[in-house]
Amino acid sequence: MKRRKFLALVGGGVVVAAGVGGFVATRTPHSALKPWLDAGSAYTEPRKRALSYAILAPNPHNRQPWKIDISEPDTVKIFVDTDRLLPHTDPFNRQITIGFGCFLETLRMAAAQDGFGVEENLFPEGGEETQLDKRPVAILKFSRDAKVKPDPLFGHVLNRRSLKVPYDMARSIPDEMLSAIEKAGVAQNQIGTTNKPETVEKIRELTHKAMAVEIDTPRTYKESVDLFRIGKKEVEASPDGLSFFGPMYDSLALVGLFTREGALDRGSSGFEQGIATVMESIDAAMGHVWLVSKTNTRGDQINTGRDWVRINLVTTRLGLGVHPLSQALQEYPEMSAMYKESHGIFAPDGGTVQMLARLGFGKQVAPTPRWELEEKIIGV
Ligand SMILES: Cc1cc2nc3c(=O)[nH]c(=O)nc-3n(C[C@H](O)[C@H](O)[C@H](O)COP(=O)(O)O)c2cc1C
């Protein structure tokens with residue numbers, strides 16, 4: 001590829017497709033995206049059908065920390081893969097547990113679609129300690145149930161995204177959309193929203209500052225960089241983490257302009273460019289949504305996940321983008337001032353701010369990679 005084209009790629013982040021058509025066409029990590037095509041259609045067994053949708057649930061850093069045991073009839077036992085936690089940015093596994101809530105709600109909706117009810121037994125052997133461990137997160141019983149109704153949000157599962165692109169700053173969010181989001185929940189969480197320019201500006205500043213703290217803290221920044229999957233080959237080898245694929249990223253990777261080492265090198269232009277891209281998105285918010293729970297038990301965290309995926313499905317239905325920005329809610333010492341500030345804003349009467357995200361209109365993107373369901377089933 002000509003130098004001129006690379007400069008355009010690096011400078012503007014624009015994909016120069018002309019003349020590299022063949023390259024462009026072959027850069028999609030098909031195997032990493034296959035679970036989105038297989039959901040439902042590739043399975044007949046009821047539990048596997050429901051699970052094939054559940055694995056598409058949003059979850060922090062796309063760690064997909066689930067381990068699934070279906071060896072007993074009509075039963076699904078769900079465990080956490082303790083090698084897939086985020087010890088630095090999520091020291092108490094709060095966000096990982098929220099991801100399990102997203103998983104369980106998606107599973108419930110998918111089962112209902114097929115006429116199955118799911119009886120849930122959460123943390124049957126306990127789990128309130130500060131760390132999740134080898135004990136089950138949930139034991140589920142599937143049974144055919146004529147009273148179970150399909151959930152209208154289920155139809156949006158395959159188009160749901162965490163939309164991380166910059167949003168259209170000329171397009172404001174109608175109040176009716178915010179009302180729909182506030183009604184999305186089924187658990188006892190308080191869901192707040194705003195599209196008021198002065199409030200949005202205040203939250204943009206908060207989320208920007210909190211991201212700067214995460215980046216300035218070497219171990220929390222490195223936790224993310226270590227999970228970068230750059231280009232098709234890496235994404236297909238590890239379809240999880242923070243994936244960068246498509247012709248632009250493959251091109252940059254090919255000539256060594258985008259590497260994990262470069263991203264960690266604070267003096268480099270790669271570092272600066274990466275941070276600028278992240279901040280550009282954070283700053284391009286046209287509204288925000290947040291979710292507060294009264295207490296902060298594992299059950300509250302699971303319920304947060306249930307409501308979070310529902311919010312994300314409502315935004316999908318509305319054609320609105322949503323992008324979680326969790327930094328200011330994280331529980332490590334360097335973030336404590338921001339944690340206090342965010343709780344002062346979103347939970348002035350007490351409670352835990354479990355989720356915070358920006359809202360706005362942006363172009364739909366490809367789904368994020370997933371491990372195949374078979375990779376997550378244990379004991380077979
Ligand atoms: C509890 C939780 C926290 C998250 N926090 C962030 C975040 O701070 N920044 C971000 O870009 N995405 C965040 N996400 C979104 C995940 O990165 C995203 O769900 C995952 O990469 C899978 O992508 P998908 O939702 O488009 O399928 C969060 C998701 C969850 C469930």
# chains A, B, ... in the order shown; residues from 1 in each chain; ligands from 1

$ closest_atom_pairs --of "chain A" --to "ligand 1" --cutoff "7 Å" --atoms "only C-alpha atoms and all ligand atoms" --output "tab-separated table"
residue	atom	partner	partner_atom_place_in_ligand_line	distance
A:Leu56	CA	ligand 1	27 (O)	6.1
A:Ala57	CA	ligand 1	27 (O)	6.0
A:Pro58	CA	ligand 1	19 (O)	3.4
A:Asn59	CA	ligand 1	31 (C)	3.6
A:Pro60	CA	ligand 1	29 (C)	4.1
A:His61	CA	ligand 1	17 (O)	4.3
A:Asn62	CA	ligand 1	20 (C)	4.0
A:Gln95	CA	ligand 1	1 (C)	4.2
A:Ile96	CA	ligand 1	1 (C)	6.3
A:Ile98	CA	ligand 1	1 (C)	5.1
A:Gly99	CA	ligand 1	31 (C)	4.5
A:Cys102	CA	ligand 1	31 (C)	6.8
A:Arg160	CA	ligand 1	26 (O)	6.7
A:Arg161	CA	ligand 1	26 (O)	3.7
A:Ser162	CA	ligand 1	26 (O)	3.8
A:Leu163	CA	ligand 1	26 (O)	6.5
A:Lys164	CA	ligand 1	11 (O)	6.1
A:Gly241	CA	ligand 1	21 (O)	6.8
A:Leu242	CA	ligand 1	21 (O)	6.4
A:Gly305	CA	ligand 1	31 (C)	6.6
A:His323	CA	ligand 1	12 (N)	6.1
A:Pro324	CA	ligand 1	6 (C)	4.5
A:Leu325	CA	ligand 1	8 (O)	3.8
A:Ser326	CA	ligand 1	8 (O)	3.7
A:Gln327	CA	ligand 1	8 (O)	5.6
A:Met355	CA	ligand 1	1 (C)	6.7
A:Pro367	CA	ligand 1	26 (O)	5.8
A:Thr368	CA	ligand 1	23 (O)	5.1

$ residues_around --residues "range 215-227 of chain A" --least-positions-apart "2" --cutoff "8 Å" --atoms "only C-alpha atoms" --output "list in words"
His61, Leu86, His88, Thr89, Met211, Ala212, Val213, Arg229, Gly241, Leu242, Arg260, Ala263, Leu264 and Glu334 of chain A

$ residues_around --residues "Thr316 in chain A" --least-positions-apart "6" --cutoff "12 Å" --atoms "only C-alpha atoms" --output "list in words"
Leu153, Phe154, Gly155, His156, Val157, Leu158, Asn159, Arg160, Arg161, Ser162, Leu163, Met177, Ala180, Ile181, Ala184, Val309, Arg310, Val322, His323, Leu359, Gly360, Phe361, Gly362, Lys363 and Gln364 of chain A

$ select_by_dssp --residues "range 58-223 of chain A" --states "helix (DSSP H, G or I)" --output "mmCIF file with C-alpha atoms, in the first residue's frame"
data_model
loop_
_atom_site.group_PDB
_atom_site.id
_atom_site.type_symbol
_atom_site.label_atom_id
_atom_site.label_comp_id
_atom_site.auth_asym_id
_atom_site.auth_seq_id
_atom_site.Cartn_x
_atom_site.Cartn_y
_atom_site.Cartn_z
ATOM 1 C CA PRO A 60 -17.480 -5.631 30.494
ATOM 2 C CA HIS A 61 -14.517 -5.596 28.118
ATOM 3 C CA ASN A 62 -16.242 -8.415 26.250
ATOM 4 C CA THR A 82 -12.153 -16.661 37.250
ATOM 5 C CA ASP A 83 -9.388 -16.292 34.647
ATOM 6 C CA ARG A 84 -11.588 -13.722 32.904
ATOM 7 C CA ARG A 94 -19.321 -5.779 40.398
ATOM 8 C CA GLN A 95 -19.291 -5.115 36.678
ATOM 9 C CA ILE A 96 -18.562 -8.751 35.819
ATOM 10 C CA THR A 97 -21.687 -9.655 37.832
ATOM 11 C CA ILE A 98 -23.702 -7.045 35.920
ATOM 12 C CA GLY A 99 -22.612 -8.823 32.742
ATOM 13 C CA PHE A 100 -24.096 -12.056 34.147
ATOM 14 C CA GLY A 101 -27.364 -10.180 34.709
ATOM 15 C CA CYS A 102 -27.349 -9.160 31.022
ATOM 16 C CA PHE A 103 -26.673 -12.805 30.146
ATOM 17 C CA LEU A 104 -29.521 -14.148 32.321
ATOM 18 C CA GLU A 105 -32.071 -11.637 31.026
ATOM 19 C CA THR A 106 -31.185 -12.388 27.406
ATOM 20 C CA LEU A 107 -31.410 -16.108 28.175
ATOM 21 C CA ARG A 108 -34.826 -15.664 29.810
ATOM 22 C CA MET A 109 -36.151 -13.733 26.812
ATOM 23 C CA ALA A 110 -34.819 -16.292 24.333
ATOM 24 C CA ALA A 111 -36.320 -19.195 26.301
ATOM 25 C CA ALA A 112 -39.680 -17.381 26.523
ATOM 26 C CA GLN A 113 -39.643 -16.955 22.769
ATOM 27 C CA PRO A 152 -41.244 -7.687 22.591
ATOM 28 C CA LEU A 153 -37.640 -6.582 23.180
ATOM 29 C CA PHE A 154 -36.292 -9.973 22.156
ATOM 30 C CA GLY A 155 -36.585 -9.064 18.466
ATOM 31 C CA HIS A 156 -33.767 -6.512 18.904
ATOM 32 C CA VAL A 157 -31.147 -8.835 20.402
ATOM 33 C CA LEU A 158 -29.239 -9.401 17.151
ATOM 34 C CA ASN A 159 -29.021 -5.694 16.308
ATOM 35 C CA ASP A 175 -37.772 13.635 25.398
ATOM 36 C CA GLU A 176 -40.056 10.710 24.452
ATOM 37 C CA MET A 177 -36.996 8.544 23.826
ATOM 38 C CA LEU A 178 -35.675 9.292 27.301
ATOM 39 C CA SER A 179 -39.077 8.385 28.805
ATOM 40 C CA ALA A 180 -39.020 5.060 26.940
ATOM 41 C CA ILE A 181 -35.539 4.341 28.337
ATOM 42 C CA GLU A 182 -36.646 5.169 31.879
ATOM 43 C CA PRO A 197 -27.293 20.665 27.406
ATOM 44 C CA GLU A 198 -25.868 22.053 30.660
ATOM 45 C CA THR A 199 -26.230 18.727 32.483
ATOM 46 C CA VAL A 200 -24.869 16.780 29.509
ATOM 47 C CA GLU A 201 -21.849 19.090 29.442
ATOM 48 C CA LYS A 202 -21.211 18.507 33.142
ATOM 49 C CA ILE A 203 -21.373 14.729 32.643
ATOM 50 C CA ARG A 204 -19.154 14.899 29.551
ATOM 51 C CA GLU A 205 -16.532 16.596 31.709
ATOM 52 C CA LEU A 206 -16.918 13.991 34.451
ATOM 53 C CA THR A 207 -16.611 11.038 32.051
ATOM 54 C CA HIS A 208 -13.662 12.670 30.279
ATOM 55 C CA LYS A 209 -11.820 13.307 33.552
ATOM 56 C CA ALA A 210 -12.516 9.782 34.789
ATOM 57 C CA MET A 211 -11.162 8.274 31.561
ATOM 58 C CA ALA A 212 -8.030 10.399 32.010
ATOM 59 C CA VAL A 213 -7.589 8.909 35.506
ATOM 60 C CA GLU A 214 -7.909 5.370 34.116
ATOM 61 C CA ILE A 215 -5.323 6.115 31.433
ATOM 62 C CA ASP A 216 -2.967 7.878 33.849
ATOM 63 C CA PRO A 218 -0.611 2.477 34.578
ATOM 64 C CA ARG A 219 -2.137 -0.772 35.835
ATOM 65 C CA THR A 220 -5.745 0.079 34.902
ATOM 66 C CA TYR A 221 -4.747 1.344 31.470
ATOM 67 C CA LYS A 222 -2.608 -1.734 30.877
ATOM 68 C CA GLU A 223 -5.505 -3.992 31.815
#

$ residues_around --residues "Lys340 in chain A" --least-positions-apart "3" --cutoff "12 Å" --atoms "only C-alpha atoms" --output "ChimeraX atom specification"
/A:206,210,328-337,343-348,350-353

$ write_last_selection --atoms "N, CA and C atoms" --output "compact mmCIF listing (two decimals), in the first residue's frame"
# COMPACT_ATOMS: atom_id res chain seq x y z
N LEU A 206 -17.16 15.04 33.45
CA LEU A 206 -16.92 13.99 34.45
C LEU A 206 -16.37 12.73 33.78
N ALA A 210 -12.65 11.14 34.24
CA ALA A 210 -12.52 9.78 34.79
C ALA A 210 -11.72 8.89 33.83
N ALA A 328 -15.94 6.40 35.97
CA ALA A 328 -16.19 7.18 37.19
C ALA A 328 -16.90 6.38 38.27
N LEU A 329 -17.31 5.15 37.95
CA LEU A 329 -18.04 4.33 38.92
C LEU A 329 -17.15 3.24 39.51
N GLN A 330 -15.88 3.24 39.13
CA GLN A 330 -15.02 2.11 39.50
C GLN A 330 -14.35 2.32 40.87
N GLU A 331 -14.10 1.17 41.52
CA GLU A 331 -13.80 1.19 42.95
C GLU A 331 -12.32 0.97 43.24
N TYR A 332 -11.41 1.66 42.58
CA TYR A 332 -10.00 1.53 42.95
C TYR A 332 -9.51 2.89 43.46
N PRO A 333 -8.47 2.89 44.30
CA PRO A 333 -8.13 4.11 45.05
C PRO A 333 -7.93 5.35 44.19
N GLU A 334 -7.26 5.22 43.05
CA GLU A 334 -6.98 6.41 42.23
C GLU A 334 -8.27 7.04 41.71
N MET A 335 -9.36 6.27 41.67
CA MET A 335 -10.62 6.78 41.11
C MET A 335 -11.55 7.30 42.20
N SER A 336 -11.11 7.28 43.48
CA SER A 336 -12.07 7.53 44.56
C SER A 336 -12.69 8.93 44.49
N ALA A 337 -11.93 9.95 44.09
CA ALA A 337 -12.52 11.30 44.01
C ALA A 337 -13.61 11.35 42.94
N HIS A 343 -21.22 9.81 42.43
CA HIS A 343 -22.31 9.46 43.34
C HIS A 343 -23.04 10.70 43.84
N GLY A 344 -22.30 11.80 44.00
CA GLY A 344 -22.95 13.07 44.38
C GLY A 344 -23.93 13.54 43.32
N ILE A 345 -23.59 13.31 42.06
CA ILE A 345 -24.46 13.76 40.97
C ILE A 345 -25.65 12.82 40.77
N PHE A 346 -25.37 11.52 40.70
CA PHE A 346 -26.41 10.58 40.27
C PHE A 346 -27.15 9.90 41.42
N ALA A 347 -26.55 9.89 42.60
CA ALA A 347 -27.21 9.23 43.73
C ALA A 347 -27.09 10.10 44.98
N PRO A 348 -27.59 11.34 44.90
CA PRO A 348 -27.40 12.25 46.03
C PRO A 348 -28.07 11.74 47.31
N GLY A 350 -28.16 8.59 48.25
CA GLY A 350 -27.58 7.29 48.62
C GLY A 350 -27.82 6.26 47.53
N GLY A 351 -27.17 5.12 47.69
CA GLY A 351 -27.28 4.06 46.69
C GLY A 351 -25.98 3.95 45.90
N THR A 352 -25.95 2.97 45.01
CA THR A 352 -24.75 2.74 44.19
C THR A 352 -25.08 3.03 42.73
N VAL A 353 -24.26 3.86 42.12
CA VAL A 353 -24.44 4.11 40.68
C VAL A 353 -23.81 2.91 39.96

$ residues_around --residues "range 137-146 of chain A" --least-positions-apart "2" --cutoff "7 Å" --atoms "only C-alpha atoms" --output "list of chain:residue names"
A:Asp74, A:Thr75, A:Val76, A:Lys77, A:Ile78, A:Phe79, A:Val80, A:Gly115, A:Phe116, A:Gly117, A:Val118, A:Glu119, A:Glu120, A:Asn121, A:Leu122, A:Phe123, A:Pro124, A:Arg135, A:Val148

$ write_last_selection --atoms "N, CA and C atoms" --output "mmCIF file, in the first residue's frame"
data_model
loop_
_atom_site.group_PDB
_atom_site.id
_atom_site.type_symbol
_atom_site.label_atom_id
_atom_site.label_comp_id
_atom_site.auth_asym_id
_atom_site.auth_seq_id
_atom_site.Cartn_x
_atom_site.Cartn_y
_atom_site.Cartn_z
ATOM 1 N N ASP A 74 -32.622 -30.553 31.548
ATOM 2 C CA ASP A 74 -33.432 -29.346 31.799
ATOM 3 C C ASP A 74 -32.740 -28.311 32.703
ATOM 4 N N THR A 75 -31.483 -28.506 32.971
ATOM 5 C CA THR A 75 -30.774 -27.657 33.943
ATOM 6 C C THR A 75 -29.609 -26.941 33.265
ATOM 7 N N VAL A 76 -29.414 -25.693 33.655
ATOM 8 C CA VAL A 76 -28.229 -24.958 33.198
ATOM 9 C C VAL A 76 -27.531 -24.420 34.437
ATOM 10 N N LYS A 77 -26.292 -24.829 34.634
ATOM 11 C CA LYS A 77 -25.511 -24.281 35.760
ATOM 12 C C LYS A 77 -24.509 -23.295 35.180
ATOM 13 N N ILE A 78 -24.502 -22.107 35.752
ATOM 14 C CA ILE A 78 -23.619 -21.074 35.208
ATOM 15 C C ILE A 78 -22.554 -20.718 36.237
ATOM 16 N N PHE A 79 -21.317 -20.760 35.799
ATOM 17 C CA PHE A 79 -20.175 -20.446 36.658
ATOM 18 C C PHE A 79 -19.396 -19.283 36.061
ATOM 19 N N VAL A 80 -18.594 -18.644 36.914
ATOM 20 C CA VAL A 80 -17.729 -17.583 36.395
ATOM 21 C C VAL A 80 -16.352 -18.177 36.113
ATOM 22 N N GLY A 115 -41.262 -20.637 24.290
ATOM 23 C CA GLY A 115 -42.300 -21.194 25.162
ATOM 24 C C GLY A 115 -41.769 -21.874 26.415
ATOM 25 N N PHE A 116 -40.550 -21.531 26.809
ATOM 26 C CA PHE A 116 -39.982 -22.118 28.021
ATOM 27 C C PHE A 116 -39.881 -21.078 29.141
ATOM 28 N N GLY A 117 -40.222 -21.501 30.338
ATOM 29 C CA GLY A 117 -39.994 -20.677 31.511
ATOM 30 C C GLY A 117 -38.662 -21.087 32.128
ATOM 31 N N VAL A 118 -38.012 -20.145 32.792
ATOM 32 C CA VAL A 118 -36.717 -20.441 33.429
ATOM 33 C C VAL A 118 -36.816 -20.087 34.910
ATOM 34 N N GLU A 119 -36.664 -21.096 35.743
ATOM 35 C CA GLU A 119 -36.648 -20.838 37.190
ATOM 36 C C GLU A 119 -35.201 -20.606 37.600
ATOM 37 N N GLU A 120 -34.962 -19.471 38.230
ATOM 38 C CA GLU A 120 -33.571 -19.091 38.538
ATOM 39 C C GLU A 120 -33.257 -19.247 40.011
ATOM 40 N N ASN A 121 -32.160 -19.856 40.313
ATOM 41 C CA ASN A 121 -31.654 -19.900 41.680
ATOM 42 C C ASN A 121 -30.281 -19.217 41.645
ATOM 43 N N LEU A 122 -30.254 -17.966 42.134
ATOM 44 C CA LEU A 122 -29.022 -17.168 42.026
ATOM 45 C C LEU A 122 -28.075 -17.446 43.189
ATOM 46 N N PHE A 123 -26.815 -17.546 42.899
ATOM 47 C CA PHE A 123 -25.781 -17.774 43.923
ATOM 48 C C PHE A 123 -26.258 -18.777 44.975
ATOM 49 N N PRO A 124 -26.638 -19.986 44.541
ATOM 50 C CA PRO A 124 -27.228 -20.955 45.471
ATOM 51 C C PRO A 124 -26.281 -21.365 46.602
ATOM 52 N N ARG A 135 -17.906 -21.131 42.926
ATOM 53 C CA ARG A 135 -19.307 -21.514 43.195
ATOM 54 C C ARG A 135 -20.218 -21.001 42.081
ATOM 55 N N VAL A 148 -45.994 -18.529 29.684
ATOM 56 C CA VAL A 148 -44.862 -17.633 29.393
ATOM 57 C C VAL A 148 -45.117 -16.856 28.104
#
